[in-house]
file input.cif (mmCIF, C-alpha atoms)
data_model
#
loop_
_atom_site.label_atom_id
_atom_site.label_comp_id
_atom_site.auth_asym_id
_atom_site.auth_seq_id
_atom_site.Cartn_x
_atom_site.Cartn_y
_atom_site.Cartn_z
CA MET A 289 67.58 -67.86 -31.62
CA THR A 290 69.38 -65.14 -33.56
CA SER A 291 72.19 -63.22 -31.93
CA PRO A 292 71.52 -59.59 -31.11
CA GLU A 293 73.09 -56.94 -33.31
CA PRO A 294 76.46 -55.87 -31.93
CA ALA A 295 76.58 -52.46 -30.30
CA PRO A 296 77.85 -49.79 -32.71
CA PHE A 297 80.33 -48.37 -30.24
CA ARG A 298 83.72 -49.35 -28.84
CA ARG A 299 85.70 -48.21 -25.81
CA ALA A 300 88.65 -45.85 -26.07
CA PHE A 301 91.08 -44.39 -23.54
CA VAL A 302 93.18 -41.28 -24.09
CA ASP A 303 95.54 -39.40 -21.83
CA GLY A 304 94.23 -36.36 -19.99
CA PRO A 305 95.69 -33.91 -17.49
CA PHE A 306 94.38 -35.94 -14.51
CA GLY A 307 94.95 -39.42 -15.93
CA GLN A 308 93.17 -41.39 -18.61
CA ILE A 309 89.80 -40.33 -19.99
CA HIS A 310 87.37 -42.99 -21.19
CA ALA A 311 85.01 -42.66 -24.14
CA TRP A 312 82.45 -44.66 -26.09
CA VAL A 313 83.09 -44.17 -29.81
CA THR A 314 81.23 -45.14 -32.99
CA PRO A 315 82.90 -45.42 -36.42
CA PRO A 316 83.67 -42.22 -38.38
CA VAL A 317 81.25 -41.16 -41.12
CA ALA A 318 82.73 -39.38 -44.13
CA GLY A 319 81.51 -35.85 -44.68
CA LYS A 320 79.88 -35.46 -41.25
CA PRO A 321 81.52 -33.85 -38.20
CA PRO A 322 81.46 -36.06 -35.08
CA LEU A 323 78.93 -35.37 -32.35
CA VAL A 324 80.52 -35.29 -28.88
CA LEU A 325 78.23 -36.10 -25.94
CA PHE A 326 78.63 -34.86 -22.36
CA HIS A 327 76.60 -36.74 -19.74
CA PRO A 328 74.70 -35.54 -16.66
CA SER A 329 75.99 -36.10 -13.13
CA PRO A 330 76.43 -38.62 -11.58
CA TYR A 331 76.40 -40.90 -14.61
CA SER A 332 78.81 -41.67 -17.47
CA GLY A 333 79.01 -41.64 -21.24
CA ALA A 334 77.00 -44.87 -21.26
CA TYR A 335 73.98 -42.65 -20.50
CA PHE A 336 73.80 -42.05 -24.26
CA HIS A 337 74.00 -45.63 -25.53
CA ALA A 338 70.41 -45.67 -26.84
CA LEU A 339 70.88 -42.37 -28.64
CA MET A 340 74.19 -43.52 -30.10
CA SER A 341 72.66 -46.73 -31.43
CA ILE A 342 70.05 -44.68 -33.31
CA MET A 343 72.34 -41.95 -34.66
CA ALA A 344 75.49 -43.96 -35.36
CA PRO A 345 74.70 -44.85 -38.98
CA GLY A 346 74.55 -41.15 -39.88
CA ARG A 347 77.58 -39.72 -38.06
CA GLN A 348 80.30 -40.56 -35.60
CA LEU A 349 79.37 -40.16 -31.93
CA ILE A 350 81.77 -39.85 -29.01
CA ALA A 351 80.42 -40.08 -25.45
CA LEU A 352 83.10 -39.04 -22.99
CA ASP A 353 83.22 -39.86 -19.30
CA ILE A 354 83.79 -36.57 -17.46
CA PRO A 355 86.87 -36.80 -15.17
CA GLY A 356 85.81 -38.55 -11.96
CA PHE A 357 82.86 -40.32 -13.61
CA GLY A 358 82.55 -43.67 -15.35
CA ALA A 359 86.01 -45.00 -16.12
CA SER A 360 87.75 -41.61 -16.34
CA ALA A 361 90.38 -40.81 -13.72
CA PRO A 362 89.25 -38.21 -11.16
CA PRO A 363 90.94 -34.85 -10.72
CA PRO A 364 93.26 -34.64 -7.71
CA GLY A 365 90.94 -32.24 -5.89
CA ALA A 366 88.52 -29.43 -6.50
CA ILE A 367 88.91 -27.89 -9.97
CA ALA A 368 87.00 -25.29 -11.98
CA LEU A 369 84.41 -26.20 -14.58
CA GLU A 370 86.75 -24.61 -17.10
CA ASP A 371 89.31 -27.28 -16.15
CA TYR A 372 86.81 -30.11 -16.69
CA ALA A 373 86.08 -28.70 -20.15
CA GLY A 374 89.76 -28.22 -20.89
CA ALA A 375 90.54 -31.82 -19.96
CA LEU A 376 87.81 -33.09 -22.29
CA SER A 377 88.96 -30.81 -25.10
CA GLN A 378 92.44 -32.25 -24.70
CA ALA A 379 91.03 -35.77 -24.87
CA LEU A 380 89.22 -34.94 -28.09
CA LYS A 381 92.49 -33.97 -29.73
CA GLY A 382 93.50 -37.59 -29.27
CA LEU A 383 90.16 -39.07 -30.31
CA VAL A 384 89.48 -36.99 -33.44
CA PRO A 385 92.86 -35.49 -34.34
CA ALA A 386 92.08 -35.29 -38.07
CA GLU A 387 88.69 -33.60 -37.72
CA PRO A 388 88.75 -29.81 -38.10
CA GLN A 389 85.34 -29.45 -36.42
CA PHE A 390 82.88 -31.35 -34.25
CA ASP A 391 79.45 -30.73 -32.74
CA VAL A 392 78.65 -31.02 -29.03
CA MET A 393 75.62 -32.07 -27.02
CA GLY A 394 75.10 -32.06 -23.25
CA PHE A 395 72.46 -32.72 -20.62
CA HIS A 396 72.46 -31.17 -17.09
CA THR A 397 76.13 -30.92 -15.97
CA GLY A 398 77.12 -32.00 -19.47
CA ALA A 399 75.16 -29.10 -20.95
CA MET A 400 77.25 -26.54 -19.11
CA ILE A 401 80.43 -28.39 -20.01
CA ALA A 402 79.33 -28.31 -23.66
CA VAL A 403 78.93 -24.54 -23.34
CA GLU A 404 82.42 -24.13 -21.90
CA VAL A 405 84.01 -26.40 -24.52
CA ALA A 406 82.37 -24.25 -27.21
CA VAL A 407 83.82 -21.11 -25.60
CA GLN A 408 87.30 -22.63 -25.31
CA GLU A 409 87.27 -24.14 -28.81
CA PRO A 410 85.49 -21.57 -31.02
CA GLU A 411 87.12 -22.81 -34.21
CA ARG A 412 86.60 -26.52 -33.55
CA VAL A 413 83.07 -26.60 -32.13
CA ARG A 414 80.56 -26.10 -34.95
CA ARG A 415 77.13 -26.36 -33.25
CA LEU A 416 75.65 -27.14 -29.83
CA VAL A 417 72.57 -29.03 -28.68
CA VAL A 418 71.86 -28.65 -24.96
CA ALA A 419 69.07 -29.68 -22.61
CA GLY A 420 68.54 -29.17 -18.90
CA LEU A 421 71.07 -26.36 -18.56
CA PRO A 422 71.94 -25.91 -14.83
CA PHE A 423 72.04 -22.13 -15.08
CA GLN A 424 71.90 -20.01 -11.94
CA GLU A 425 72.40 -16.27 -11.63
CA ARG A 426 75.49 -15.23 -9.68
CA GLU A 427 73.64 -14.28 -6.49
CA ALA A 428 71.76 -17.61 -6.36
CA ARG A 429 74.47 -19.96 -7.55
CA ALA A 430 76.19 -21.00 -4.32
CA ALA A 431 72.94 -21.69 -2.50
CA ALA A 432 71.41 -23.58 -5.42
CA PHE A 433 74.30 -26.05 -5.69
CA ALA A 434 75.19 -26.26 -1.97
CA PRO A 435 73.16 -29.45 -1.24
CA MET A 436 75.05 -31.36 -3.98
CA ALA A 437 78.45 -29.65 -3.82
CA ARG A 438 79.78 -31.56 -0.81
CA SER A 439 81.20 -34.96 -0.10
CA PRO A 440 78.37 -37.42 0.65
CA SER A 441 78.03 -39.03 4.05
CA LEU A 442 78.57 -42.80 4.00
CA ALA A 443 76.64 -45.10 6.31
CA GLU A 444 78.27 -48.22 7.75
CA ASP A 445 75.16 -50.27 6.92
CA GLY A 446 75.03 -48.95 3.34
CA GLY A 447 71.85 -47.02 4.02
CA HIS A 448 73.11 -44.08 1.99
CA LEU A 449 72.81 -46.24 -1.11
CA MET A 450 69.03 -46.23 -0.78
CA THR A 451 68.96 -42.49 -1.39
CA TYR A 452 70.43 -43.04 -4.83
CA TRP A 453 68.34 -46.15 -5.51
CA ASN A 454 65.12 -44.33 -4.65
CA ILE A 455 65.93 -41.43 -6.97
CA ILE A 456 67.19 -43.54 -9.87
CA ALA A 457 65.11 -46.71 -9.70
CA ARG A 458 62.03 -46.27 -7.56
CA ALA A 459 61.25 -42.83 -9.00
CA ARG A 460 62.04 -43.83 -12.58
CA SER A 461 59.67 -42.87 -15.35
CA GLU A 462 57.26 -45.25 -17.03
CA GLY A 463 59.13 -47.02 -19.79
CA VAL A 464 62.47 -47.18 -17.96
CA SER A 465 63.18 -50.81 -17.17
CA LEU A 466 64.62 -51.96 -13.86
CA CYS A 467 67.66 -53.16 -15.79
CA GLN A 468 68.19 -49.66 -17.24
CA ALA A 469 67.82 -48.19 -13.76
CA GLN A 470 70.36 -50.65 -12.35
CA ARG A 471 72.92 -49.63 -14.97
CA LYS A 472 72.44 -45.96 -14.10
CA PHE A 473 72.68 -46.77 -10.39
CA ALA A 474 75.97 -48.59 -10.97
CA ALA A 475 77.35 -45.55 -12.82
CA ALA A 476 76.28 -43.28 -9.97
CA MET A 477 78.04 -45.53 -7.46
CA ALA A 478 81.26 -45.39 -9.48
CA ALA A 479 81.21 -41.59 -9.14
CA LEU A 480 80.19 -41.56 -5.47
CA PRO A 481 83.62 -40.82 -3.91
CA HIS A 482 84.33 -37.69 -5.97
CA GLY A 483 81.47 -36.87 -8.36
CA TRP A 484 80.25 -34.10 -6.07
CA ARG A 485 83.21 -32.00 -7.19
CA ALA A 486 81.48 -31.33 -10.51
CA TYR A 487 78.61 -29.67 -8.64
CA GLU A 488 81.13 -27.66 -6.65
CA ALA A 489 82.63 -26.49 -9.92
CA LEU A 490 79.17 -25.50 -11.17
CA SER A 491 78.67 -23.45 -8.01
CA ARG A 492 81.68 -21.30 -8.98
CA TYR A 493 81.16 -21.15 -12.74
CA PRO A 494 80.33 -17.62 -14.05
CA ALA A 495 77.71 -18.85 -16.50
CA GLU A 496 76.20 -15.41 -17.05
CA ALA A 497 79.57 -14.24 -18.41
CA ARG A 498 80.49 -17.37 -20.37
CA ILE A 499 77.22 -18.14 -22.18
CA PRO A 500 77.24 -14.83 -24.16
CA ARG A 501 80.64 -15.89 -25.54
CA VAL A 502 79.10 -18.87 -27.35
CA ARG A 503 79.09 -17.72 -30.98
CA GLN A 504 78.07 -21.02 -32.54
CA PRO A 505 74.44 -21.86 -33.42
CA VAL A 506 72.70 -23.48 -30.44
CA ARG A 507 69.54 -25.57 -30.14
CA LEU A 508 68.02 -25.66 -26.65
CA LEU A 509 65.77 -28.64 -25.97
CA LEU A 510 62.98 -27.79 -23.51
CA ILE A 511 62.27 -31.10 -21.80
CA ASN A 512 59.68 -31.26 -19.03
CA GLU A 513 62.11 -31.80 -16.15
CA ALA A 514 63.60 -29.91 -13.21
CA LEU A 515 66.00 -27.71 -15.18
CA ARG A 516 63.54 -26.57 -17.84
CA PRO A 517 62.99 -23.18 -16.10
CA ARG A 518 66.74 -22.66 -15.78
CA THR A 519 67.22 -23.45 -19.49
CA LEU A 520 64.59 -20.85 -20.36
CA ALA A 521 66.28 -18.33 -18.07
CA ALA A 522 69.60 -18.86 -19.85
CA ALA A 523 68.20 -18.76 -23.38
CA PRO A 524 68.38 -14.95 -23.88
CA LEU A 525 72.09 -14.98 -23.02
CA PHE A 526 73.01 -17.00 -26.11
CA PRO A 527 73.78 -14.83 -29.14
CA CYS A 528 72.42 -17.43 -31.56
CA ALA A 529 69.98 -19.93 -30.01
CA GLU A 530 66.70 -21.51 -30.98
CA LEU A 531 64.26 -23.29 -28.67
CA VAL A 532 62.62 -26.64 -29.37
CA GLU A 533 59.60 -27.51 -27.24
CA LEU A 534 59.66 -31.12 -25.99
CA SER A 535 57.31 -30.79 -23.03
CA ASN A 536 55.89 -34.26 -23.71
CA LEU A 537 59.23 -35.73 -22.62
CA ASN A 538 60.50 -35.96 -19.04
CA ARG A 539 63.82 -36.36 -17.22
CA ASP A 540 64.29 -39.89 -18.60
CA ALA A 541 63.87 -38.78 -22.22
CA PHE A 542 67.21 -40.25 -23.27
CA ASP A 543 66.02 -43.67 -22.04
CA VAL A 544 62.38 -43.70 -23.15
CA ALA A 545 62.38 -41.48 -26.24
CA PRO A 546 65.89 -41.49 -27.74
CA GLU A 547 64.42 -41.51 -31.24
CA ILE A 548 62.79 -38.11 -30.62
CA ILE A 549 66.02 -36.67 -29.22
CA ALA A 550 67.87 -38.12 -32.21
CA ARG A 551 65.44 -36.59 -34.71
CA VAL A 552 65.56 -33.03 -33.35
CA THR A 553 69.33 -33.25 -32.97
CA GLN A 554 69.96 -34.65 -36.43
CA ASP A 555 67.65 -32.07 -37.99
CA PHE A 556 69.63 -29.23 -36.41
CA LEU A 557 73.07 -30.62 -37.18
CA ASP A 558 72.20 -31.24 -40.82
CA LYS A 559 70.42 -27.91 -41.37
CA GLU A 560 72.02 -25.48 -43.78
CA THR A 561 72.61 -22.05 -42.27
CA HIS A 562 74.78 -19.03 -42.91
CA HIS A 563 76.37 -19.29 -39.46
CA ASP A 564 78.82 -22.07 -40.29
#

call {"tool": "encode", "arguments": {"input": "input.cif", "output": "C-alpha cells"}}
result
Amino acid sequence: MTSPEPAPFRRAFVDGPFGQIHAWVTPPVAGKPPLVLFHPSPYSGAYFHALMSIMAPGRQLIALDIPGFGASAPPPGAIALEDYAGALSQALKGLVPAEPQFDVMGFHTGAMIAVEVAVQEPERVRRLVVAGLPFQEREARAAAFAPMARSPSLAEDGGHLMTYWNIIARARSEGVSLCQAQRKFAAAMAALPHGWRAYEALSRYPAEARIPRVRQPVRLLLINEALRPRTLAAAPLFPCAELVELSNLNRDAFDVAPEIIARVTQDFLDKETHHD
C-alpha cells in the first residue's frame, strides 16, 4: 500500500493582541500574492483544507483561526468586528512580512471579516472573494443575530451537544462524509465557550457604512444556501463587485465541490484588470 500524499500545509502560530493566533499555511509561490482565508463560525481554518490542497500548487494559502476559534486564543470579552479584523491583520504581518499585497477570501462570518480587513488594509489587500455574506440592514441587525449572539446553555447530561451534531452531521449534504462532519463538529466544540462573541460583534457591525469603503475588486459567489439573499442585498453597496452564480452548490460547497470554488477563485485572482 502506498502512503498518502502529505498535506501541503503546515501549522504556524504568531502573536496577536489577545494571545497567539493559529494558521494553516502552504509554501510561498513566487510571483503570486498569498490568498488569506477566513472561516465561517463556529469552525476554524481547517474548514478550507480541501480548497487549500487544490490551490496550493498555484499560490500560497493562509487559513487563519479567528480569535476564539480553532487554536487561536480568545479575546478577553466582547470586542467589535473591527477588532477581530485588526487582530488578524496584525497576525498577517508576522506570517507574510515580505509580501506587499495579499488577496482575501471569506465565508459567512469570515466574509464580513474579509470585508473589514480590506477596509483596514487598503494598500495590502489586492482582491476579495466572498460568499455567504451575513449582511443585515441597521434596523434588522440586532434581531437577526440575537439567537446566536449569546452564551449557549450547557446541559449537565451533554444534551446541548446534540443540537450541534444534528446541524452539522445529521443535516449534512450528500457527499459530506461522517468523518468530515465529525471534524467540523470537533471544531465547533472547541469554539463553544466563546464563539458566540463573533455573532455579537456582527450584530453591532455597521456593514452598510463599511462595505462602500471596499475599493478593491470583489467577486461575490452566490451559493444556494441561507445567506444567498443577504449577499445579493449587499452587492450594490460594493463599488467594484461582480457576481458569480453557483446555485448548483449548497452550504457544504467547500466540502463537496472545492474544485469549483477553486476554479472561480483562481480565475478571478489571476484575471488582468485595470483596478490593480

call {"tool": "residues_around", "arguments": {"input": "input.cif", "residues": "A:Met477", "least_positions_apart": "5", "cutoff": "12 Å", "atoms": "only C-alpha atoms", "output": "PyMOL selection string"}}
result
chain A and resi 329-332+356-359+440+442+446+448-453+456+470-472+482-484

call {"tool": "closest_residue", "arguments": {"input": "input.cif", "among": "A:Ala419, A:Ala522, A:Ala300, A:Ala361", "to": "A:Ile499", "atoms": "all atoms listed in the file"}}
result
A:Ala522

call {"tool": "atom_distance", "arguments": {"input": "input.cif", "atom1": "atom CA of A:Pro362", "atom2": "atom CA of A:His327"}}
result
15.4 Å

call {"tool": "residues_around", "arguments": {"input": "input.cif", "residues": "stretch 420-436 of chain A", "least_positions_apart": "3", "cutoff": "7 Å", "atoms": "all atoms listed in the file", "output": "PDB file with C-alpha atoms, keeping the file's coordinate frame"}}
result
ATOM      1  CA  PHE A 395      72.460 -32.720 -20.620  1.00  0.00           C
ATOM      2  CA  HIS A 396      72.460 -31.170 -17.090  1.00  0.00           C
ATOM      3  CA  THR A 397      76.130 -30.920 -15.970  1.00  0.00           C
ATOM      4  CA  ALA A 399      75.160 -29.100 -20.950  1.00  0.00           C
ATOM      5  CA  MET A 400      77.250 -26.540 -19.110  1.00  0.00           C
ATOM      6  CA  TRP A 484      80.250 -34.100  -6.070  1.00  0.00           C
ATOM      7  CA  TYR A 487      78.610 -29.670  -8.640  1.00  0.00           C
ATOM      8  CA  SER A 491      78.670 -23.450  -8.010  1.00  0.00           C
ATOM      9  CA  PRO A 494      80.330 -17.620 -14.050  1.00  0.00           C
ATOM     10  CA  ALA A 495      77.710 -18.850 -16.500  1.00  0.00           C
ATOM     11  CA  GLU A 496      76.200 -15.410 -17.050  1.00  0.00           C
ATOM     12  CA  LEU A 515      66.000 -27.710 -15.180  1.00  0.00           C
ATOM     13  CA  ARG A 516      63.540 -26.570 -17.840  1.00  0.00           C
ATOM     14  CA  ARG A 518      66.740 -22.660 -15.780  1.00  0.00           C
ATOM     15  CA  THR A 519      67.220 -23.450 -19.490  1.00  0.00           C
ATOM     16  CA  ALA A 522      69.600 -18.860 -19.850  1.00  0.00           C
TER      17      ALA A 522
END

call {"tool": "atom_distance", "arguments": {"input": "input.cif", "atom1": "atom CA of A:Val532", "atom2": "atom CA of A:Leu416"}}
result
13.0 Å

call {"tool": "resolve_selection", "arguments": {"input": "input.cif", "expression": "the PyMOL selection byres ((chain A and resi 344) around 10)", "output": "list of chain:residue names"}}
result
A:Ala295, A:Pro296, A:Phe297, A:Val313, A:Thr314, A:Pro315, A:Pro316, A:Val317, A:Pro322, A:Leu323, A:Leu339, A:Met340, A:Ser341, A:Ile342, A:Met343, A:Pro345, A:Gly346, A:Arg347, A:Gln348, A:Leu349, A:Ile350

call {"tool": "residues_near_point", "arguments": {"input": "input.cif", "point": "(82.5, -21.4, -32.7)", "cutoff": "9 Å", "atoms": "all atoms listed in the file", "output": "list in words"}}
result
Ala406, Val407, Gln408, Glu409, Pro410, Glu411, Arg412, Val413, Arg414, Arg415, Val502, Arg503, Gln504, Pro505 and Asp564 of chain A

call {"tool": "closest_residue", "arguments": {"input": "input.cif", "among": "A:Ala459, A:Cys528, A:Val417, A:Ala486", "to": "A:Pro363", "atoms": "all atoms listed in the file"}}
result
A:Ala486

call {"tool": "atom_distance", "arguments": {"input": "input.cif", "atom1": "atom CA of A:Glu488", "atom2": "atom CA of A:Pro500"}}
result
22.1 Å

call {"tool": "residues_around", "arguments": {"input": "input.cif", "residues": "stretch 534-540 of chain A", "least_positions_apart": "6", "cutoff": "9 Å", "atoms": "only C-alpha atoms", "output": "PDB file with C-alpha atoms, in the coordinates of the input"}}
result
ATOM      1  CA  GLY A 420      68.540 -29.170 -18.900  1.00  0.00           C
ATOM      2  CA  ARG A 460      62.040 -43.830 -12.580  1.00  0.00           C
ATOM      3  CA  SER A 461      59.670 -42.870 -15.350  1.00  0.00           C
ATOM      4  CA  GLU A 462      57.260 -45.250 -17.030  1.00  0.00           C
ATOM      5  CA  GLY A 463      59.130 -47.020 -19.790  1.00  0.00           C
ATOM      6  CA  VAL A 464      62.470 -47.180 -17.960  1.00  0.00           C
ATOM      7  CA  LEU A 509      65.770 -28.640 -25.970  1.00  0.00           C
ATOM      8  CA  LEU A 510      62.980 -27.790 -23.510  1.00  0.00           C
ATOM      9  CA  ILE A 511      62.270 -31.100 -21.800  1.00  0.00           C
ATOM     10  CA  ASN A 512      59.680 -31.260 -19.030  1.00  0.00           C
ATOM     11  CA  GLU A 513      62.110 -31.800 -16.150  1.00  0.00           C
ATOM     12  CA  ALA A 514      63.600 -29.910 -13.210  1.00  0.00           C
ATOM     13  CA  ILE A 548      62.790 -38.110 -30.620  1.00  0.00           C
TER      14      ILE A 548
END

call {"tool": "resolve_selection", "arguments": {"input": "input.cif", "expression": "the PyMOL selection byres ((chain A and resi 374-390) around 7)", "output": "list in words"}}
result
Val302, Asp303, Gly304, Pro305, Ile309, Pro321, Pro322, Leu323, Glu370, Asp371, Tyr372, Ala373, Asp391, Val392, Val405, Arg412, Val413 and Arg414 of chain A

call {"tool": "residues_around", "arguments": {"input": "input.cif", "residues": "A:Phe301", "least_positions_apart": "4", "cutoff": "7 Å", "atoms": "only C-alpha atoms", "output": "PyMOL selection string"}}
result
chain A and resi 308-311

call {"tool": "residues_around", "arguments": {"input": "input.cif", "residues": "A:Arg485", "least_positions_apart": "4", "cutoff": "8 Å", "atoms": "all atoms listed in the file", "output": "JSON, numbers by chain"}}
result
{"A": [365, 366, 367, 437, 438, 439, 489]}
